[in-house]
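A quick write-up on the structure given underneath.
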Number of protein chains: 2
Amino acid sequence: MAAAVESFAAKGFHGTTTRDIASGAGMSPAALYVHHRSKEDLLHQISRAGHVETLELVQSAVATSDDPREQLLAVVHAFVVRHAEGHTGARIVNYELHALSPEHLEEIAAIRRRIEQEMRGVVERGVTAGVFSTPDPHMTSLALLSLGIDVARWYRDEGAWTPAEIADHYGELALRMVGAASSP
Amino acid sequence: MAAAVESFAAKGFHGTTTRDIASGAGMSPAALYVHHRSKEDLLHQISRAGHVETLELVQSAVATSDDPREQLLAVVHAFVVRHAEGHTGARIVNYELHALSPEHLEEIAAIRRRIEQEMRGVVERGVTAGVFSTPDPHMTSLALLSLGIDVARWYRDEGAWTPAEIADHYGELALRMVGAASSP
DNA sequence: ATCGGCGCTAAGCGCTTGCTTAGCAGGTAA
DNA sequence: TTACCTGCTAAGCAAGCGCTTAGCGCCGAT
């Protein structure tokens with residue numbers, strides 16, 4: 001599975017052959033089929049595991065505080081660090097959905113909806129509490145997730161910024177986007 | 001080329017066959033090769049045209065005003081509308097770069113750098129003029145582009161928001177991100 | 001000592017891939 | 001009329017694809 005993650009992230013699902021994955025894992029192509037039903041099955045398992053982990057990450061970040069402001073910072077920080085450090089896996093999670101079978105795609109889409117609900121909840125509670133101010137909490141929360149997801153696209157390990165530095169800056173941007181005061 | 005755009009956007013470069021493109025264009029597979037050297041050549045032409053158009057769009061948006069605030073609004077609005085309305089082409093432009101040959105990729109990367117420079121210029125001039133305030137103009141301008149690019153990933157024609165509505169909201173978010181006052 | 005099963009490989013099957021070849025209808029010009 | 005374009009198709013080639021089959025070495029249990 002690790003070899004599949006590497007290949008899928010580098011060349012895309014359709015650009016990867018079962019021989020690529022097998023040689024990356026130091027095996028013959030036939031050995032893959034002892035453990036996995038098909039190439040799509042591999043993608044499905046990788047995608048599901050990645051989505052579940054991200055959902056849990058977001059949920060536990062929300063649970064660290066009762067203050068929407070702290071929740072937002074925690075979620076954005078965790079989300080951005082994950083998409084930077086784990087950009088290899090995150091690319092598969094976010095950019096290879098079209099290669100999933102319709103049933104598998106629907107399963108994954110359900111997890112994505114729950115992630116969106118978590119973010120939306122944070123923003124809406126902040127607005128209700130009067131500490132955030134935004135004309136459309138729905139679109140703003142979507143933009144916050146969008147910003148984090150896209151980190152996986154442009155982030156490079158050899159780049160000038162560490163994941164933590166990006167996450168800190170993005171935390172500040174997030175506070176501004178929801179109309180919270182810059183610093184306590 | 002229009003048929004190739006459709007197929008590449010829907011299934012990715014490697015997921016698309018020359019027979020897909022040909023039947024989409026109402027031709028036999030061999031007819032493609034009268035006009036294009038290879039499948040990669042098609043991708044290259046589509047990608048280059050898309051990048052050049054985006055660069056020109058950004059440049060002309062910047063040229064509409066001398067005020068960094070107005071420039072930012074114009075660039076973000078044009079950029080977001082383009083990535084929403086033209087999400088089919090924008091997906092190829094942004095998510096199929098890995099399928100280009102090394103030489104073609106370098107050519108495209110140069111155009112992308114010029115787009116980034118335009119956005120960075122707007123933010124930096126705003127900071128210099130004292131109308132924007134951000135701890136890292138470089139990262140902030142990258143985040144602004146990132147937000148616009150990712151619209152192409154999640155936007156759906158049948159969604160609740162029009163491209164103009166998204167662009168308006170994103171303009172407001174952009175002003176907040178660079179630390180400009182919300183309204184004049 | 002012998003067995004069954006696990007994890008693997010060598011070989012390859014049937015099909016699809018990107019692309020090529022040979023040739024043909026219709027239009028243009030001398 | 002002849003010659004030659006342009007834009008196309010039918011057919012197909014070599015290579016690569018996802019996946020299967022047959023079989024082998026190893027190991028713990030009997």
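Every chain in the structure tokens has a letter given in the order shown (A, B, ...), and although residue numbers restart at 1 in each chain, ligands are simply numbered from 1 in the order shown.
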Chain D contacts to chain A at 12 Å (only C-alpha atoms (C1' of nucleotides)) as number ranges by chain: D: 16-21
Within region 14-183 of chain A, find each residue whose DSSP state, derived from the backbone, is helix (DSSP H, G or I), and express the selection as a PDB file with C-alpha atoms, in the first residue's frame.
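Final output, saved to result26.pdb:
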```
ATOM      1  CA  THR A  18       0.397  -2.648 -11.246  1.00  0.00           C
ATOM      2  CA  ARG A  19       4.002  -3.373 -12.226  1.00  0.00           C
ATOM      3  CA  ASP A  20       5.035   0.059 -10.858  1.00  0.00           C
ATOM      4  CA  ILE A  21       3.422  -0.719  -7.518  1.00  0.00           C
ATOM      5  CA  ALA A  22       4.833  -4.235  -7.410  1.00  0.00           C
ATOM      6  CA  SER A  23       8.402  -3.174  -8.152  1.00  0.00           C
ATOM      7  CA  GLY A  24       8.081  -0.329  -5.641  1.00  0.00           C
ATOM      8  CA  PRO A  29       2.906  -8.091  -9.935  1.00  0.00           C
ATOM      9  CA  ALA A  30       1.071 -11.287  -9.026  1.00  0.00           C
ATOM     10  CA  ALA A  31       1.888 -10.839  -5.325  1.00  0.00           C
ATOM     11  CA  LEU A  32      -0.347  -7.746  -5.163  1.00  0.00           C
ATOM     12  CA  TYR A  33      -3.364  -9.885  -5.916  1.00  0.00           C
ATOM     13  CA  VAL A  34      -2.738 -12.079  -2.896  1.00  0.00           C
ATOM     14  CA  HIS A  35      -3.533  -9.054  -0.705  1.00  0.00           C
ATOM     15  CA  LYS A  39      -5.855  -1.807  -8.440  1.00  0.00           C
ATOM     16  CA  GLU A  40      -9.051   0.113  -7.703  1.00  0.00           C
ATOM     17  CA  ASP A  41      -9.353  -1.753  -4.401  1.00  0.00           C
ATOM     18  CA  LEU A  42      -5.944  -0.414  -3.425  1.00  0.00           C
ATOM     19  CA  LEU A  43      -7.018   3.133  -4.265  1.00  0.00           C
ATOM     20  CA  HIS A  44     -10.223   2.693  -2.322  1.00  0.00           C
ATOM     21  CA  GLN A  45      -8.436   1.480   0.806  1.00  0.00           C
ATOM     22  CA  ILE A  46      -5.879   4.298   0.624  1.00  0.00           C
ATOM     23  CA  SER A  47      -8.564   6.900   0.018  1.00  0.00           C
ATOM     24  CA  ARG A  48     -10.835   5.657   2.795  1.00  0.00           C
ATOM     25  CA  ALA A  49      -8.041   5.435   5.359  1.00  0.00           C
ATOM     26  CA  GLY A  50      -6.860   8.937   4.457  1.00  0.00           C
ATOM     27  CA  HIS A  51     -10.336  10.405   4.719  1.00  0.00           C
ATOM     28  CA  VAL A  52     -11.107   8.698   8.019  1.00  0.00           C
ATOM     29  CA  GLU A  53      -7.846   9.943   9.512  1.00  0.00           C
ATOM     30  CA  THR A  54      -8.550  13.493   8.358  1.00  0.00           C
ATOM     31  CA  LEU A  55     -12.072  13.414   9.795  1.00  0.00           C
ATOM     32  CA  GLU A  56     -10.734  12.194  13.135  1.00  0.00           C
ATOM     33  CA  LEU A  57      -8.020  14.851  13.052  1.00  0.00           C
ATOM     34  CA  VAL A  58     -10.617  17.566  12.525  1.00  0.00           C
ATOM     35  CA  GLN A  59     -12.969  16.185  15.159  1.00  0.00           C
ATOM     36  CA  SER A  60     -10.270  15.987  17.808  1.00  0.00           C
ATOM     37  CA  ALA A  61      -9.071  19.506  16.951  1.00  0.00           C
ATOM     38  CA  VAL A  62     -12.592  20.834  17.470  1.00  0.00           C
ATOM     39  CA  PRO A  68     -14.776  28.928  18.399  1.00  0.00           C
ATOM     40  CA  ARG A  69     -11.673  31.013  17.935  1.00  0.00           C
ATOM     41  CA  GLU A  70      -9.451  28.352  19.505  1.00  0.00           C
ATOM     42  CA  GLN A  71     -11.321  25.631  17.632  1.00  0.00           C
ATOM     43  CA  LEU A  72     -10.730  27.385  14.317  1.00  0.00           C
ATOM     44  CA  LEU A  73      -7.016  27.791  15.003  1.00  0.00           C
ATOM     45  CA  ALA A  74      -6.703  24.155  16.070  1.00  0.00           C
ATOM     46  CA  VAL A  75      -8.585  22.807  13.054  1.00  0.00           C
ATOM     47  CA  VAL A  76      -6.778  24.956  10.508  1.00  0.00           C
ATOM     48  CA  HIS A  77      -3.400  24.193  12.044  1.00  0.00           C
ATOM     49  CA  ALA A  78      -3.938  20.444  12.121  1.00  0.00           C
ATOM     50  CA  PHE A  79      -5.515  20.412   8.670  1.00  0.00           C
ATOM     51  CA  VAL A  80      -2.717  22.415   7.060  1.00  0.00           C
ATOM     52  CA  VAL A  81       0.077  20.454   8.726  1.00  0.00           C
ATOM     53  CA  ARG A  82      -1.544  17.232   7.580  1.00  0.00           C
ATOM     54  CA  HIS A  83      -1.871  18.400   3.981  1.00  0.00           C
ATOM     55  CA  ALA A  84       1.727  19.644   3.929  1.00  0.00           C
ATOM     56  CA  GLU A  85       3.503  16.782   5.697  1.00  0.00           C
ATOM     57  CA  HIS A  87       0.949  15.822   0.751  1.00  0.00           C
ATOM     58  CA  THR A  88       1.722  12.510  -0.949  1.00  0.00           C
ATOM     59  CA  GLY A  89      -1.298  10.802   0.529  1.00  0.00           C
ATOM     60  CA  ALA A  90      -3.387  13.963   0.450  1.00  0.00           C
ATOM     61  CA  ARG A  91      -2.993  14.232  -3.304  1.00  0.00           C
ATOM     62  CA  ILE A  92      -4.543  10.813  -3.753  1.00  0.00           C
ATOM     63  CA  VAL A  93      -7.287  11.640  -1.279  1.00  0.00           C
ATOM     64  CA  ASN A  94      -8.209  14.870  -3.062  1.00  0.00           C
ATOM     65  CA  TYR A  95      -7.297  14.411  -6.706  1.00  0.00           C
ATOM     66  CA  LEU A  97     -11.631  10.593  -6.516  1.00  0.00           C
ATOM     67  CA  HIS A  98     -12.720  10.303 -10.155  1.00  0.00           C
ATOM     68  CA  ALA A  99     -10.935   6.953 -10.437  1.00  0.00           C
ATOM     69  CA  PRO A 102     -19.421   4.925  -8.089  1.00  0.00           C
ATOM     70  CA  GLU A 103     -20.158   2.984  -4.871  1.00  0.00           C
ATOM     71  CA  HIS A 104     -16.737   3.659  -3.392  1.00  0.00           C
ATOM     72  CA  LEU A 105     -16.955   7.315  -4.405  1.00  0.00           C
ATOM     73  CA  GLU A 106     -20.248   7.706  -2.570  1.00  0.00           C
ATOM     74  CA  GLU A 107     -18.759   6.173   0.570  1.00  0.00           C
ATOM     75  CA  ILE A 108     -15.852   8.617   0.421  1.00  0.00           C
ATOM     76  CA  ALA A 109     -18.103  11.575  -0.392  1.00  0.00           C
ATOM     77  CA  ALA A 110     -20.051  10.891   2.800  1.00  0.00           C
ATOM     78  CA  ILE A 111     -16.859  11.236   4.866  1.00  0.00           C
ATOM     79  CA  ARG A 112     -15.997  14.458   3.046  1.00  0.00           C
ATOM     80  CA  ARG A 113     -19.433  15.863   3.904  1.00  0.00           C
ATOM     81  CA  ARG A 114     -18.813  15.152   7.581  1.00  0.00           C
ATOM     82  CA  ILE A 115     -15.487  16.998   7.413  1.00  0.00           C
ATOM     83  CA  GLU A 116     -17.258  19.970   5.835  1.00  0.00           C
ATOM     84  CA  GLN A 117     -19.908  19.859   8.548  1.00  0.00           C
ATOM     85  CA  GLU A 118     -17.256  20.046  11.248  1.00  0.00           C
ATOM     86  CA  MET A 119     -15.686  23.144   9.726  1.00  0.00           C
ATOM     87  CA  ARG A 120     -19.044  24.742   9.090  1.00  0.00           C
ATOM     88  CA  GLY A 121     -20.040  24.077  12.693  1.00  0.00           C
ATOM     89  CA  VAL A 122     -16.998  25.927  14.003  1.00  0.00           C
ATOM     90  CA  VAL A 123     -17.650  28.973  11.834  1.00  0.00           C
ATOM     91  CA  GLU A 124     -21.383  29.042  12.558  1.00  0.00           C
ATOM     92  CA  ARG A 125     -20.908  28.763  16.307  1.00  0.00           C
ATOM     93  CA  GLY A 126     -18.417  31.617  16.129  1.00  0.00           C
ATOM     94  CA  VAL A 127     -20.914  33.778  14.263  1.00  0.00           C
ATOM     95  CA  THR A 128     -23.691  32.860  16.688  1.00  0.00           C
ATOM     96  CA  ALA A 129     -21.440  33.695  19.628  1.00  0.00           C
ATOM     97  CA  PRO A 137     -20.555  31.134   6.860  1.00  0.00           C
ATOM     98  CA  HIS A 138     -21.144  28.232   4.482  1.00  0.00           C
ATOM     99  CA  MET A 139     -18.965  29.611   1.703  1.00  0.00           C
ATOM    100  CA  THR A 140     -16.366  30.852   4.152  1.00  0.00           C
ATOM    101  CA  SER A 141     -15.978  27.441   5.778  1.00  0.00           C
ATOM    102  CA  LEU A 142     -15.682  25.881   2.343  1.00  0.00           C
ATOM    103  CA  ALA A 143     -12.967  28.391   1.473  1.00  0.00           C
ATOM    104  CA  LEU A 144     -11.098  27.539   4.675  1.00  0.00           C
ATOM    105  CA  LEU A 145     -11.059  23.844   3.794  1.00  0.00           C
ATOM    106  CA  SER A 146     -10.209  24.663   0.192  1.00  0.00           C
ATOM    107  CA  LEU A 147      -7.180  26.655   1.304  1.00  0.00           C
ATOM    108  CA  GLY A 148      -5.947  23.730   3.384  1.00  0.00           C
ATOM    109  CA  ILE A 149      -6.576  21.101   0.723  1.00  0.00           C
ATOM    110  CA  ASP A 150      -4.721  23.069  -1.918  1.00  0.00           C
ATOM    111  CA  VAL A 151      -1.604  23.077   0.264  1.00  0.00           C
ATOM    112  CA  ALA A 152      -1.175  19.442  -0.784  1.00  0.00           C
ATOM    113  CA  ARG A 153      -0.964  20.571  -4.414  1.00  0.00           C
ATOM    114  CA  TRP A 154       1.765  23.214  -4.087  1.00  0.00           C
ATOM    115  CA  PRO A 163       4.504  22.782   7.521  1.00  0.00           C
ATOM    116  CA  ALA A 164       4.263  24.482  10.932  1.00  0.00           C
ATOM    117  CA  GLU A 165       5.164  27.886   9.479  1.00  0.00           C
ATOM    118  CA  ILE A 166       2.501  27.548   6.807  1.00  0.00           C
ATOM    119  CA  ALA A 167      -0.019  26.375   9.380  1.00  0.00           C
ATOM    120  CA  ASP A 168       0.721  29.385  11.620  1.00  0.00           C
ATOM    121  CA  HIS A 169       0.293  31.822   8.762  1.00  0.00           C
ATOM    122  CA  TYR A 170      -2.868  30.083   7.599  1.00  0.00           C
ATOM    123  CA  GLY A 171      -4.236  30.275  11.148  1.00  0.00           C
ATOM    124  CA  GLU A 172      -3.864  34.043  11.017  1.00  0.00           C
ATOM    125  CA  LEU A 173      -5.458  34.147   7.554  1.00  0.00           C
ATOM    126  CA  ALA A 174      -8.351  32.026   8.824  1.00  0.00           C
ATOM    127  CA  LEU A 175      -9.021  34.391  11.721  1.00  0.00           C
ATOM    128  CA  ARG A 176      -9.115  37.289   9.290  1.00  0.00           C
ATOM    129  CA  MET A 177     -11.391  35.442   6.884  1.00  0.00           C
TER     130      MET A 177
END
```
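With distances taken over only C-alpha atoms, A:Ala180 is the one residue among A:Val5, A:Met27, A:Ala180, A:Ala63 lying closest to chain B.
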To one decimal in Å, tell me the separation between C1' of DT2 (chain C) and C1' of DG23 (chain D).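 We find that C1' of DT2 (chain C) and C1' of DG23 (chain D) lie 19.4 Å from each other.
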Tell me as an MDAnalysis selection string which residues belonging to chain C come within 12 Å of chain A, counting only C-alpha atoms (C1' of nucleotides). chainID C and resid 6:12
Store the residues of this selection in a file with C-alpha atoms (C1' of nucleotides), as a short mmCIF file (atom, residue, chain, number, x, y, z; two decimals), in the first residue's frame.
```
data_model
loop_
_atom_site.label_atom_id
_atom_site.label_comp_id
_atom_site.auth_asym_id
_atom_site.auth_seq_id
_atom_site.Cartn_x
_atom_site.Cartn_y
_atom_site.Cartn_z
"C1'" DC C 6 0.68 -19.13 3.13
"C1'" DG C 7 3.21 -15.82 0.38
"C1'" DC C 8 5.34 -15.66 -3.33
"C1'" DT C 9 7.19 -16.04 -8.68
"C1'" DA C 10 7.41 -17.14 -13.76
"C1'" DA C 11 4.84 -17.14 -17.40
"C1'" DG C 12 1.39 -15.66 -19.97
#
```
Name the closest residue to chain A among the candidates B:Phe8, B:Val131, B:Asp67, B:Val178; distances are taken between atoms, counting only C-alpha atoms.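 Selected residue with least distance to chain A: B:Val178.
CA of Gly26 (chain A) lies 13.4 Å from CA of Glu6 (chain A).
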Nearest to chain B, chosen from A:Gly15, A:Gly159, A:Gly86, A:Gly130, with only C-alpha atoms counted in the distances: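 Ranked by minimum distance to chain B, first place goes to A:Gly15.
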For C1' of DA3 (chain D) and C1' of DA30 (chain C), the interatomic separation in Å (one decimal):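 So the answer is 8.8 Å.
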